[in-house]
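S.K.: Next up is a structure, given as structure tokens.
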Amino acid sequence: MHIAGNVSRCVGLRSYVLALLLLLPVALNAGKVTLVDGVPHVSNQASPPQGVQAVQLEEVWRAGGEDDDVFFGLISKVCCDEQGDIYILDSQVCKVYVYSPDGRLLRTLFGEGDGPGEVRRPRSLALLGDGTVGVIQEFPGRMVRVDRLNNPAPSIAVLSEAGQGAATLDGCFAGGPTLVFSGVRLQQAVQGIEGREQFLSIYSIAGKELARLVSARTARDYNRFVFAEKNEMPAFFWVNDVGPDGRVYTAPRRDEYTIEVYSPQGKLERVISREYEHLKRSAAAYRRLHGVIDSIFRRVPFEYTIEIEKDEYDILAMQQGIRVRDDGSIWVLPGRGAYDQPEGVMLTFDVFDAEGHFQRQVAIRGDHDGVWDGFFFAGGDRAVVVTRQVEAIGAQYGDGAAVLSEEGGSAMDVICYRMGIVNHRGP
């Protein structure tokens, strides 16, 4: 009995130690959670515990290009609705093309003009929780809306701080009951100095600001104008998403791998970060961005200076570096996830669970360039790639000539893919 008891205790101890060993890698690699003013902050290590998963893009259908009846001019954004229909905003012709899941062109929405359901120079697109489709124009900042059959709905105007005049809009994002705008509220210039407030805010369908999530006050001195990227191009203009439940996810600062999560009512609920080394911009990327900004101001009647940052955004701006999937997972695209990818890999996402723990990386394999071609999730295992889409975004600013790559321009194709799992490599 004495021996049996010792054996039993040894077996129990060995099982306990084995259980600890099985749990230890997870505990070591899971994000560390601390409370700061009652808000959970999840800090993650640089490497994910589940390693890297590769998925292959398998073409389902394509539209646009030289052989199609539809010729896309300047695609700004792609969205997918609950039925799997795909909405493609072409800013050049002021239309949204709606395609079925199998690639049939169902209808077009909007048109160019100033009447109901019409817009000029639309900047971005969102599918709202009330069933309407909205596109924004930069100035005066407003969202023009139609229903899914192109019947006009009331527009949403975004006003200045005093409730008079107008603001500019740079982005719009929607999910569940939540609608979010990013942009700038303008103050009248006094002696050549214009006050500006950059904002990311939750709005109601009626056009009322419900909660201001991020804001930064700046000023433009047109007497000695300096366009400083770090001040004029904050990450929260573009690096945002809204989950299916209406929660808002944003990267408030360009030089931090940090994500803030807000409730639909605008309460800060969680802060997620991971260890990340800044990515130095290449000389070519530096010149391209400088050229785009220069093309905006080169016709102004005053002298100006342009200051460009040496580092890329930690979470990429031009590819909307935060995406929230239907399962609640958070897909983040760091600067390193688009630049210097291995041959055959378009993009590599960091994937976090709904609580903000870094789980794995996913390498998107396909014959595309993640720096130039746009990538959009399209529900389930589908994705849409828009060739030359990042170039098209740049073309909305100034004359756009400076963003052309060395290969030169080409027709814009929209390609719907199925994402098939290739392999899963451990840490």
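Following the order of the structure tokens, first chain is A, next is B, and so on, with residues numbered from 1 inside each chain and ligands from 1 in the order they appear.
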Which parts of range 204-372 of chain A does DSSP call strand (DSSP E) when run on the backbone here, written out as a ChimeraX atom specification?
M.R.: /A:209-221,225-228,240-242,248-250,258-262,268-274,304-307,322-324,330-332,345-352,358-365
S.K.: Which residues, written as a ChimeraX atom specification, have at least one atom at most 10 Å from Leu169 in chain A, with only C-alpha atoms counted and residues fewer than 6 positions away on the same chain left out?
M.R.: /A:123-124,136-143,158,181-185,198-200,237
S.K.: Which value, in Å to one decimal, gives the distance between CA of Asn151 in chain A and CA of Thr108 in chain A?
M.R.: 11.4 Å
S.K.: From the options A:Val345, A:Ile86, A:Val93, A:Ala46, which residue's atoms come nearest to Phe71 in chain A, counting only C-alpha atoms?
M.R.: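 That would be A:Val93, the residue with the smallest distance to Phe71 in chain A.
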S.K.: Between A:Val146, A:Val239, A:Met233, A:Ile421, which is the closest to Leu109 in chain A once you count only C-alpha atoms?
M.R.: A:Val146
S.K.: Taking only C-alpha atoms into account, which of A:Glu232, A:Glu391, A:Asp68, A:Asp147 comes nearest Ile306 in chain A?
M.R.: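 Of all the options, A:Glu232 lies closest to Ile306 in chain A.
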S.K.: Contacts of range 94-101 of chain A at 7 Å or less, counting only C-alpha atoms, minus same-chain residues fewer than 5 places along, as a ChimeraX atom specification?
M.R.: /A:84-89,106-112,119-122
S.K.: Could you give me, as a tab-separated table, a per-residue list for range 277-367 of chain A showing, wherever an atom lies at most 10 Å from an atom of range 413-420 of chain A, the closest pair of atoms and their distance in Å to one decimal, using only C-alpha atoms and sorting by chain then residue number from low to high?
M.R.:
```
residue	atom	partner	partner_atom	distance
A:Ile364	CA	A:Met419	CA	8.2
A:Arg365	CA	A:Met419	CA	9.0
A:Gly366	CA	A:Tyr417	CA	9.8
```
S.K.: Export, as a PDB file, in the first residue's frame, the selected residues with C-alpha atoms.
M.R.:
```pdb
ATOM      1  CA  ILE A 364      -1.647  35.687 -48.673  1.00  0.00           C
ATOM      2  CA  ARG A 365      -0.050  33.962 -51.648  1.00  0.00           C
ATOM      3  CA  GLY A 366      -0.832  35.220 -55.142  1.00  0.00           C
TER       4      GLY A 366
END
```
